[in-house]
Amino acid sequence: MSAPLVEVRAISRSYSMRSGMFGRATAVHAVDGVSLTIPKGETLGLVGESGSGKSTTGRIVLGLEPPDCGEVRFGGKPMAALGTAAWRTQRARMQMIFQDPLGALDRRLPVATQIREPLDIHGVGTPSMREERVRELLRAVELTPAHGARYPGALSGGQRQRIVLARALATKPDFLVCDEPVSALDVSIQAQVVNLLCDLQAQLGLTLLFISHDLRVVRQISNVVAVMYLGRIVEVGSADDLFARPEHPYTQALVSASPAPGRRSAGRIVLAGDPPNPAARPQGCAFHPRCPRAIARCASEVPALSAVGGDRQVACHLVTGAQTRDAA
Amino acid sequence: MSPLVSIEGLSVAFNGVPVLRGVDLALGKGEALGLVGESGSGKSVTWLAALGLLPRHAKISGSVRLDGRELLGAPAAELDRVRGGRVAMIFQDPASALNPVLTIRKQLCEALALHRDLQGETVKAEAKRLLDLVGIPDAARRLEAYPHEFSGGQVQRIMIAMALAGNPDLLIADEPTTALDATIQAQILELLSTIRREMSMAMVLISHDLGVVAENCDRVAVMYAGRIVEQAPSNQLFADPLHPYAQGLIGALPPLDGPRRRLTAIPGTVPDPAHMPTGCAFAPRCTLATDPCGLAAPTLAPIANDRTVACIRADASRRALLGIAAE
């Protein structure tokens with residue numbers, strides 16, 4: 001395994017929220033003690049339901065939002081302070097792709113101009129070199145220069161996401177955070193963009209943090225997958241192994257809830273209860289009210305993420321540690 | 001057995017642009033039919049047109065029969081008895097389908113008063129029974145709550161309760177779980193299948209998610225650019241898709257287990273309804289297309305027991321599929 005490009009050390013972030021106009025402010029722990037490492041050239045998939053803190057994690061990793069505690073290290077160095085020259089240089093090496101490409105593009109500018117913008121901002125090369133780079137980027141995302149002259153409204157959803165990808169690649173970043181990049185696309189177009197992302201990663205040696213609720217897409221693109229529940233990571237493991245043998249009861253339910261063509265829903269784990277509310281986090285293990293296997297200890301004690309053998313880490317009192325697994 | 005609903009040659013055009021181009025579909029009593037296809041393929045428009053829910057400027061032709069009675073052009077009074085009574089519909093965004101300033105009780109009782117001759121206390125008792133049925137805990141107290149006091153999954157349960165108010169023979173569920181999280185989606189799908197079994201109700205499940213449709217439907221129809229291109233029992237469709245588009249859809253789905261493979265993406269994009277290619281609408285994206293494909297649009301023809309496909313290259317595509325399987 002090569003040296004990690006991105007290291008996230010125990011980051012936490014909470015927001016204060018009022019219920020009603022005169023309600024007392026309560027703290028919402030969006031992210032709570034999350035640690036991640038992403039080796040250079042690899043992809044870490046981050047899955048979880050809405051409100052699990054996966055997008056907030058992505059924003060903190062990119063430095064769009066400061067963590068309350070913990071730190072993010074990029075290329076072995078801590079992130080530079082917001083707004084400094086060092087921060088700007090660092091930011092050019094990391095980019096983000098969002099779910100809604102139309103929202104990320106300016107409807108009143110031709111898309112080629114928008115791909116050029118990061119080059120102008122970071123002052124890369126001469127104007128003619130920038131023009132050449134835009135053409136090169138359009139080719140890289142399998143579009144033609146003719147597409148570049150169009151406005152976002154005249155492109156299809158898949159083409160727009162390619163433009164967003166081309167713009168993100170303009171400054172030759174090392175690291176991309178992709179937040180639900182294909183969730184708004186139809187399945188056939190989704191496959192085109194996923195394949196393109198895999199190809200570009202292989203060509204350019206990109207490191208990716210891939211955030212999605214879609215287990216299939218995450219498995220397709222990731223080396224390692226982390227599962228989040230209410231701001232904490234509950235399980236981490238290599239993508240193939242994690243989905244084949246999920247250990248945490250929540251991961252098991254997620255995998256079982258993912259419908260597959262050609263398989264009738266026999267023995268599906270259907271979780272009771274509502275999706276968790278980050279403002280009313282249960283005591284102990286946050287998952288215990290919905291967990292089919294919860295014991296008394298789960299309600300009082302927060303399980304720590306610990307290694308259970310291989311490269312798997314699980315935060316669950318019922319999944320015993322490496323010693324017992326080896327002994328068995 | 002005569003079908004519950006039969007749709008023949010249903011076509012819809014908005015401002016002269018055809019969006020539905022001759023849909024034929026039949027649904028038996030108690031059957032679960034899945035309708036899949038990409039956005040803009042006409043899955044929702046088919047049922048909105050069938051129930052007379054499209055805006056007035058939509059031009060509709062063809063025939064939609066419910067138990068042999070024609071619905072297209074039927075008088076408003078008759079449609080009012082059908083909609084919400086015999087045929088109910090639930091949508092993707094349940095929150096916008098409820099009135100935010102009325103309690104759940106008001107809204108459920110309104111539906112019950114419209115479709116069932118119930119009076120006074122019995123209405124309230126029935127409303128409570130429906131909430132119990134769809135699994136809302138503490139139903140008696142929750143009847144007095146407003147929509148915003150429920151979570152997304154619970155609001156969808158309330159929509160299902162409301163749809164059941166008229167004891168429908170057919171429930172049309174238009175992307176009922178698309179806006180929900182995976183674990184909540186599993187809950188709602190389980191609820192729908194339990195209710196369908198208990199009330200022996202027919203269901204049309206409209207979804208872009210092949211997995212959801214495969215697991216919850218007896219039969220699946222695949223739509224592309226305003227037409228049905230393949231229709232088959234769901235286990236057969238997913239094991240052995242015949243239309244190149246159906247094959248493409250299934251190939252584009254990343255597997256959750258087994259070895260990873262490069263996804264077989266369908267090249268290009270869905271054609272613009274205003275500029276449809278002549279002949280088969282899928283031909284420009286099809287790897288098996290030959291010259292005759294560009295001449296005339298293929299009709300939906302039977303190819304095996306209970307299966308129909310609209311493709312003149314269906315035999316070739318089946319051979320190609322078997323060739324891949326033999327490797």
# chains A, B, ... in the order shown; residues from 1 in each chain; ligands from 1
>>> select_by_dssp(residues="range 77-125 of chain B", states="strand (DSSP E)", output="PyMOL selection string")
chain B and resi 87-90
>>> closest_atom_pairs(of="chain B", to="chain A", cutoff="9 Å", atoms="only C-alpha atoms", output="CSV")
residue,atom,partner,partner_atom,distance
B:Gly37,CA,A:Asp186,CA,8.8
B:Glu38,CA,A:Asp186,CA,5.8
B:Ser39,CA,A:Asp186,CA,6.9
B:Ser151,CA,A:Asp274,CA,7.2
B:Gly152,CA,A:Asp274,CA,8.7
B:Gly153,CA,A:Asp274,CA,7.3
B:Gln154,CA,A:Asp274,CA,8.1
B:Leu180,CA,A:Ser50,CA,8.9
B:Asp181,CA,A:Glu49,CA,5.8
B:Ala182,CA,A:Ala257,CA,6.1
B:Thr183,CA,A:Ala257,CA,6.0
B:Ile184,CA,A:Asp274,CA,7.2
B:Gln185,CA,A:Ala257,CA,7.8
B:Ala186,CA,A:Ala257,CA,5.6
B:Gln187,CA,A:Val270,CA,6.0
B:Glu190,CA,A:Val270,CA,8.2
B:His208,CA,A:Asp186,CA,7.6
B:Asp209,CA,A:Val187,CA,8.2
B:Leu210,CA,A:Pro261,CA,6.3
B:Gly211,CA,A:Ala260,CA,4.4
B:Val212,CA,A:Pro259,CA,5.6
B:Val213,CA,A:Pro261,CA,7.9
B:Ala214,CA,A:Pro261,CA,5.0
B:Glu215,CA,A:Arg264,CA,4.9
B:Asn216,CA,A:Arg264,CA,7.8
B:Ser234,CA,A:Gly262,CA,8.0
B:Asn235,CA,A:Gly262,CA,5.8
B:Gln236,CA,A:Gly262,CA,8.5
B:Leu237,CA,A:Gly262,CA,8.8
B:Phe238,CA,A:Gly262,CA,5.8
B:Ala239,CA,A:Gly262,CA,6.6
B:Gly248,CA,A:Ser188,CA,7.2
B:Leu249,CA,A:Ser188,CA,6.0
B:Ile250,CA,A:Pro261,CA,8.4
B:Gly251,CA,A:Ser188,CA,8.6
B:Ala252,CA,A:Ala191,CA,5.3
B:Leu253,CA,A:Val187,CA,6.9
B:Pro254,CA,A:Arg216,CA,5.3
B:Pro255,CA,A:Arg216,CA,6.1
B:Leu256,CA,A:Arg216,CA,5.3
B:Asp257,CA,A:Ala244,CA,6.2
B:Gly258,CA,A:Asp240,CA,8.0
B:Pro259,CA,A:Asp240,CA,8.2
B:Arg260,CA,A:Gln220,CA,6.5
B:Arg261,CA,A:Gln220,CA,8.1
B:Arg262,CA,A:Asn195,CA,7.0
B:Leu263,CA,A:Ala191,CA,5.9
B:Thr264,CA,A:Ala191,CA,7.0
B:Ala265,CA,A:Ala191,CA,5.0
B:Ile266,CA,A:Ser188,CA,5.5
B:Pro267,CA,A:Gln192,CA,7.5
B:Gly268,CA,A:Ile189,CA,8.2
B:Thr269,CA,A:Ile189,CA,7.4
>>> residues_around(residues="Leu98 in chain B", least_positions_apart="5", cutoff="10 Å", atoms="only C-alpha atoms", output="PyMOL selection string")
chain B and resi 93+103-104+107+146-148+155-156+158-159+162
>>> write_last_selection(atoms="C-alpha atoms", output="compact mmCIF listing (two decimals), in the first residue's frame")
# COMPACT_ATOMS: atom_id res chain seq x y z
CA ASP B 93 -43.00 13.01 -3.43
CA THR B 103 -54.56 17.23 10.04
CA ILE B 104 -54.12 13.69 8.77
CA GLN B 107 -57.50 14.42 4.90
CA TYR B 146 -50.08 17.52 10.68
CA PRO B 147 -48.03 16.17 7.74
CA HIS B 148 -44.81 17.92 8.82
CA VAL B 155 -45.80 10.28 5.03
CA GLN B 156 -45.56 7.69 2.26
CA ILE B 158 -50.12 7.84 5.07
CA MET B 159 -50.38 8.28 1.30
CA MET B 162 -55.30 7.35 1.76
>>> residues_around(residues="range 112-124 of chain B", least_positions_apart="3", cutoff="6 Å", atoms="only C-alpha atoms", output="ChimeraX atom specification")
/B:85,109,127,165-166
>>> write_last_selection(atoms="N, CA and C atoms", output="short mmCIF file (atom, residue, chain, number, x, y, z; two decimals), in the first residue's frame")
data_model
loop_
_atom_site.label_atom_id
_atom_site.label_comp_id
_atom_site.auth_asym_id
_atom_site.auth_seq_id
_atom_site.Cartn_x
_atom_site.Cartn_y
_atom_site.Cartn_z
N GLY B 85 -61.33 5.71 -6.23
CA GLY B 85 -62.25 4.64 -5.87
C GLY B 85 -61.70 3.31 -6.34
N CYS B 109 -60.33 11.39 6.30
CA CYS B 109 -61.79 11.33 6.37
C CYS B 109 -62.41 11.90 5.10
N ALA B 127 -60.63 5.55 9.57
CA ALA B 127 -59.37 6.27 9.38
C ALA B 127 -58.30 5.69 10.30
N ALA B 165 -58.23 4.08 0.98
CA ALA B 165 -59.51 4.53 1.53
C ALA B 165 -60.69 4.09 0.66
N GLY B 166 -60.51 4.09 -0.66
CA GLY B 166 -61.62 3.73 -1.53
C GLY B 166 -61.68 2.25 -1.87
#
>>> residues_around(residues="Val111 in chain A", least_positions_apart="3", cutoff="6 Å", atoms="only C-alpha atoms", output="VMD selection string")
chain A and resid 114 148 151
>>> closest_residue(among="A:Pro4, A:Pro246, A:Pro276, A:Pro118", to="Val72 in chain A", atoms="only C-alpha atoms")
A:Pro4
>>> residues_around(residues="range 171-174 of chain B", least_positions_apart="2", cutoff="9 Å", atoms="only C-alpha atoms", output="list in words")
Lys43, Ser44, Trp47, Arg86, Val87, Ala88, Met89, Ile90, Phe91, Gln92, Ala163, Leu164, Pro168, Asp169, Pro176, Thr177, Arg196, Met201, Ala202, Met203, Val204, Leu205, Ile206 and Ser207 of chain B
>>> write_last_selection(atoms="N, CA and C atoms", output="compact mmCIF listing (two decimals), in the first residue's frame")
# COMPACT_ATOMS: atom_id res chain seq x y z
N LYS B 43 -43.41 6.39 -18.79
CA LYS B 43 -43.97 5.48 -17.78
C LYS B 43 -45.12 6.15 -17.03
N SER B 44 -44.89 7.36 -16.53
CA SER B 44 -45.92 8.04 -15.75
C SER B 44 -47.04 8.56 -16.65
N TRP B 47 -50.09 6.37 -17.34
CA TRP B 47 -51.16 6.23 -16.35
C TRP B 47 -51.86 7.54 -16.07
N ARG B 86 -61.84 3.05 -7.65
CA ARG B 86 -61.39 1.76 -8.16
C ARG B 86 -59.89 1.77 -8.44
N VAL B 87 -59.37 2.92 -8.84
CA VAL B 87 -57.94 3.02 -9.14
C VAL B 87 -57.36 4.14 -8.29
N ALA B 88 -56.34 3.82 -7.49
CA ALA B 88 -55.71 4.85 -6.67
C ALA B 88 -54.27 5.02 -7.12
N MET B 89 -53.70 6.17 -6.83
CA MET B 89 -52.35 6.44 -7.30
C MET B 89 -51.54 7.05 -6.17
N ILE B 90 -50.28 6.61 -6.02
CA ILE B 90 -49.37 7.28 -5.08
C ILE B 90 -48.13 7.73 -5.85
N PHE B 91 -47.51 8.81 -5.35
CA PHE B 91 -46.45 9.44 -6.12
C PHE B 91 -45.12 9.43 -5.38
N GLN B 92 -44.10 9.89 -6.11
CA GLN B 92 -42.74 9.89 -5.57
C GLN B 92 -42.60 10.82 -4.37
N ALA B 163 -54.71 6.08 -0.24
CA ALA B 163 -55.00 5.39 -1.48
C ALA B 163 -55.92 4.20 -1.23
N LEU B 164 -55.78 3.58 -0.03
CA LEU B 164 -56.59 2.41 0.28
C LEU B 164 -57.99 2.78 0.73
N PRO B 168 -59.44 0.23 -3.47
CA PRO B 168 -59.22 0.16 -4.91
C PRO B 168 -58.93 -1.26 -5.39
N ASP B 169 -59.24 -1.50 -6.68
CA ASP B 169 -58.86 -2.77 -7.30
C ASP B 169 -57.46 -2.67 -7.87
N PRO B 176 -42.64 5.05 -5.83
CA PRO B 176 -43.06 5.31 -4.44
C PRO B 176 -41.90 5.38 -3.45
N THR B 177 -40.74 4.86 -3.80
CA THR B 177 -39.66 4.80 -2.81
C THR B 177 -38.42 5.55 -3.26
N ARG B 196 -51.08 -5.77 -0.75
CA ARG B 196 -51.55 -6.29 -2.04
C ARG B 196 -52.04 -7.73 -1.90
N MET B 201 -55.21 -6.93 -4.44
CA MET B 201 -55.30 -5.72 -5.24
C MET B 201 -54.24 -5.81 -6.34
N ALA B 202 -54.58 -5.32 -7.54
CA ALA B 202 -53.57 -5.27 -8.60
C ALA B 202 -52.70 -4.04 -8.38
N MET B 203 -51.46 -4.11 -8.87
CA MET B 203 -50.57 -2.96 -8.67
C MET B 203 -49.74 -2.73 -9.93
N VAL B 204 -49.55 -1.45 -10.25
CA VAL B 204 -48.59 -1.08 -11.28
C VAL B 204 -47.48 -0.35 -10.55
N LEU B 205 -46.27 -0.87 -10.61
CA LEU B 205 -45.14 -0.25 -9.93
C LEU B 205 -44.27 0.41 -10.99
N ILE B 206 -44.25 1.75 -10.97
CA ILE B 206 -43.44 2.49 -11.94
C ILE B 206 -42.13 2.81 -11.26
N SER B 207 -41.02 2.42 -11.88
CA SER B 207 -39.74 2.69 -11.23
C SER B 207 -38.63 2.71 -12.26
>>> select_by_dssp(residues="range 111-318 of chain A", states="alpha helix (DSSP H)", output="MDAnalysis selection string")
chainID A and resid 111:121 127:140 145:148 157:169 187:204 215:221 239:244 249:257
>>> residues_around(residues="Phe210 in chain A", least_positions_apart="6", cutoff="8 Å", atoms="only C-alpha atoms", output="VMD selection string")
chain A and resid 43 to 46 177 to 180 218 222
>>> decode(residues="range 51-169 of chain B", atoms="C-alpha atoms", output="mmCIF file, in the first residue's frame")
data_model
loop_
_atom_site.group_PDB
_atom_site.id
_atom_site.type_symbol
_atom_site.label_atom_id
_atom_site.label_comp_id
_atom_site.auth_asym_id
_atom_site.auth_seq_id
_atom_site.Cartn_x
_atom_site.Cartn_y
_atom_site.Cartn_z
ATOM 1 C CA LEU B 51 -56.910 8.325 -15.679
ATOM 2 C CA GLY B 52 -57.544 11.652 -17.409
ATOM 3 C CA LEU B 53 -55.069 13.521 -15.196
ATOM 4 C CA LEU B 54 -53.126 15.266 -17.956
ATOM 5 C CA PRO B 55 -53.596 18.977 -18.695
ATOM 6 C CA ARG B 56 -56.216 19.830 -21.286
ATOM 7 C CA HIS B 57 -53.736 20.712 -24.036
ATOM 8 C CA ALA B 58 -52.458 17.118 -24.153
ATOM 9 C CA LYS B 59 -53.807 15.292 -27.210
ATOM 10 C CA ILE B 60 -54.770 11.737 -26.244
ATOM 11 C CA SER B 61 -55.912 8.938 -28.539
ATOM 12 C CA GLY B 62 -56.355 5.191 -28.257
ATOM 13 C CA SER B 63 -58.368 3.240 -25.747
ATOM 14 C CA VAL B 64 -58.194 2.533 -22.017
ATOM 15 C CA ARG B 65 -60.732 0.075 -20.639
ATOM 16 C CA LEU B 66 -61.393 -0.738 -17.004
ATOM 17 C CA ASP B 67 -63.477 -3.939 -16.767
ATOM 18 C CA GLY B 68 -64.506 -3.325 -20.356
ATOM 19 C CA ARG B 69 -65.688 0.282 -19.801
ATOM 20 C CA GLU B 70 -63.932 2.945 -21.823
ATOM 21 C CA LEU B 71 -62.223 5.579 -19.672
ATOM 22 C CA LEU B 72 -60.878 7.921 -22.357
ATOM 23 C CA GLY B 73 -63.468 10.636 -22.909
ATOM 24 C CA ALA B 74 -65.684 9.280 -20.130
ATOM 25 C CA PRO B 75 -67.852 11.875 -18.327
ATOM 26 C CA ALA B 76 -66.233 13.591 -15.339
ATOM 27 C CA ALA B 77 -68.706 12.032 -12.880
ATOM 28 C CA GLU B 78 -67.692 8.547 -13.949
ATOM 29 C CA LEU B 79 -63.979 9.366 -13.804
ATOM 30 C CA ASP B 80 -64.450 10.724 -10.285
ATOM 31 C CA ARG B 81 -65.804 7.349 -9.185
ATOM 32 C CA VAL B 82 -62.868 5.544 -10.812
ATOM 33 C CA ARG B 83 -60.089 7.812 -9.545
ATOM 34 C CA GLY B 84 -59.430 7.203 -5.887
ATOM 35 C CA GLY B 85 -62.246 4.639 -5.869
ATOM 36 C CA ARG B 86 -61.389 1.764 -8.157
ATOM 37 C CA VAL B 87 -57.941 3.021 -9.137
ATOM 38 C CA ALA B 88 -55.707 4.850 -6.672
ATOM 39 C CA MET B 89 -52.352 6.444 -7.302
ATOM 40 C CA ILE B 90 -49.370 7.279 -5.082
ATOM 41 C CA PHE B 91 -46.448 9.440 -6.121
ATOM 42 C CA GLN B 92 -42.743 9.894 -5.568
ATOM 43 C CA ASP B 93 -43.005 13.006 -3.432
ATOM 44 C CA PRO B 94 -45.582 12.196 -0.773
ATOM 45 C CA ALA B 95 -45.047 15.425 1.177
ATOM 46 C CA SER B 96 -46.333 17.587 -1.670
ATOM 47 C CA ALA B 97 -49.393 15.359 -2.112
ATOM 48 C CA LEU B 98 -50.708 16.167 1.372
ATOM 49 C CA ASN B 99 -52.174 19.467 2.497
ATOM 50 C CA PRO B 100 -49.760 20.917 5.080
ATOM 51 C CA VAL B 101 -52.406 22.904 6.994
ATOM 52 C CA LEU B 102 -54.911 20.082 7.568
ATOM 53 C CA THR B 103 -54.561 17.227 10.041
ATOM 54 C CA ILE B 104 -54.120 13.690 8.773
ATOM 55 C CA ARG B 105 -57.591 12.867 10.140
ATOM 56 C CA LYS B 106 -59.249 15.621 8.042
ATOM 57 C CA GLN B 107 -57.502 14.423 4.898
ATOM 58 C CA LEU B 108 -58.147 10.723 5.445
ATOM 59 C CA CYS B 109 -61.788 11.333 6.367
ATOM 60 C CA GLU B 110 -62.256 13.455 3.265
ATOM 61 C CA ALA B 111 -61.104 10.562 1.092
ATOM 62 C CA LEU B 112 -63.323 8.141 3.021
ATOM 63 C CA ALA B 113 -66.387 10.403 2.764
ATOM 64 C CA LEU B 114 -65.856 10.776 -0.985
ATOM 65 C CA HIS B 115 -65.483 7.118 -1.823
ATOM 66 C CA ARG B 116 -67.305 5.216 0.912
ATOM 67 C CA ASP B 117 -70.709 5.970 2.367
ATOM 68 C CA LEU B 118 -69.529 6.320 5.940
ATOM 69 C CA GLN B 119 -70.974 8.590 8.619
ATOM 70 C CA GLY B 120 -69.804 10.203 11.863
ATOM 71 C CA GLU B 121 -67.889 7.920 14.209
ATOM 72 C CA THR B 122 -67.466 5.118 11.662
ATOM 73 C CA VAL B 123 -65.407 7.426 9.439
ATOM 74 C CA LYS B 124 -63.017 8.125 12.275
ATOM 75 C CA ALA B 125 -62.820 4.459 13.207
ATOM 76 C CA GLU B 126 -62.061 3.562 9.600
ATOM 77 C CA ALA B 127 -59.369 6.269 9.378
ATOM 78 C CA LYS B 128 -57.734 4.808 12.489
ATOM 79 C CA ARG B 129 -57.969 1.293 11.060
ATOM 80 C CA LEU B 130 -56.215 2.443 7.858
ATOM 81 C CA LEU B 131 -53.384 4.092 9.797
ATOM 82 C CA ASP B 132 -52.978 0.897 11.834
ATOM 83 C CA LEU B 133 -52.947 -1.111 8.627
ATOM 84 C CA VAL B 134 -50.053 0.875 7.149
ATOM 85 C CA GLY B 135 -48.082 0.587 10.371
ATOM 86 C CA ILE B 136 -48.269 4.080 11.901
ATOM 87 C CA PRO B 137 -47.736 3.534 15.634
ATOM 88 C CA ASP B 138 -50.200 5.110 18.085
ATOM 89 C CA ALA B 139 -52.684 5.722 15.263
ATOM 90 C CA ALA B 140 -55.509 7.251 17.355
ATOM 91 C CA ARG B 141 -53.288 10.079 18.601
ATOM 92 C CA ARG B 142 -51.358 10.549 15.364
ATOM 93 C CA LEU B 143 -54.588 11.205 13.457
ATOM 94 C CA GLU B 144 -54.562 14.688 14.959
ATOM 95 C CA ALA B 145 -51.027 15.427 13.708
ATOM 96 C CA TYR B 146 -50.082 17.518 10.677
ATOM 97 C CA PRO B 147 -48.033 16.172 7.735
ATOM 98 C CA HIS B 148 -44.807 17.918 8.818
ATOM 99 C CA GLU B 149 -44.825 15.965 12.084
ATOM 100 C CA PHE B 150 -44.149 12.723 10.217
ATOM 101 C CA SER B 151 -40.943 11.444 8.623
ATOM 102 C CA GLY B 152 -40.684 10.846 4.875
ATOM 103 C CA GLY B 153 -41.326 7.124 5.196
ATOM 104 C CA GLN B 154 -44.337 7.710 7.436
ATOM 105 C CA VAL B 155 -45.803 10.279 5.028
ATOM 106 C CA GLN B 156 -45.560 7.693 2.263
ATOM 107 C CA ARG B 157 -47.382 5.240 4.574
ATOM 108 C CA ILE B 158 -50.116 7.840 5.074
ATOM 109 C CA MET B 159 -50.378 8.278 1.298
ATOM 110 C CA ILE B 160 -50.813 4.524 0.985
ATOM 111 C CA ALA B 161 -53.519 4.610 3.687
ATOM 112 C CA MET B 162 -55.301 7.349 1.758
ATOM 113 C CA ALA B 163 -55.005 5.389 -1.484
ATOM 114 C CA LEU B 164 -56.586 2.410 0.277
ATOM 115 C CA ALA B 165 -59.508 4.526 1.527
ATOM 116 C CA GLY B 166 -61.620 3.733 -1.528
ATOM 117 C CA ASN B 167 -60.851 -0.034 -1.473
ATOM 118 C CA PRO B 168 -59.222 0.164 -4.914
ATOM 119 C CA ASP B 169 -58.858 -2.772 -7.299
#
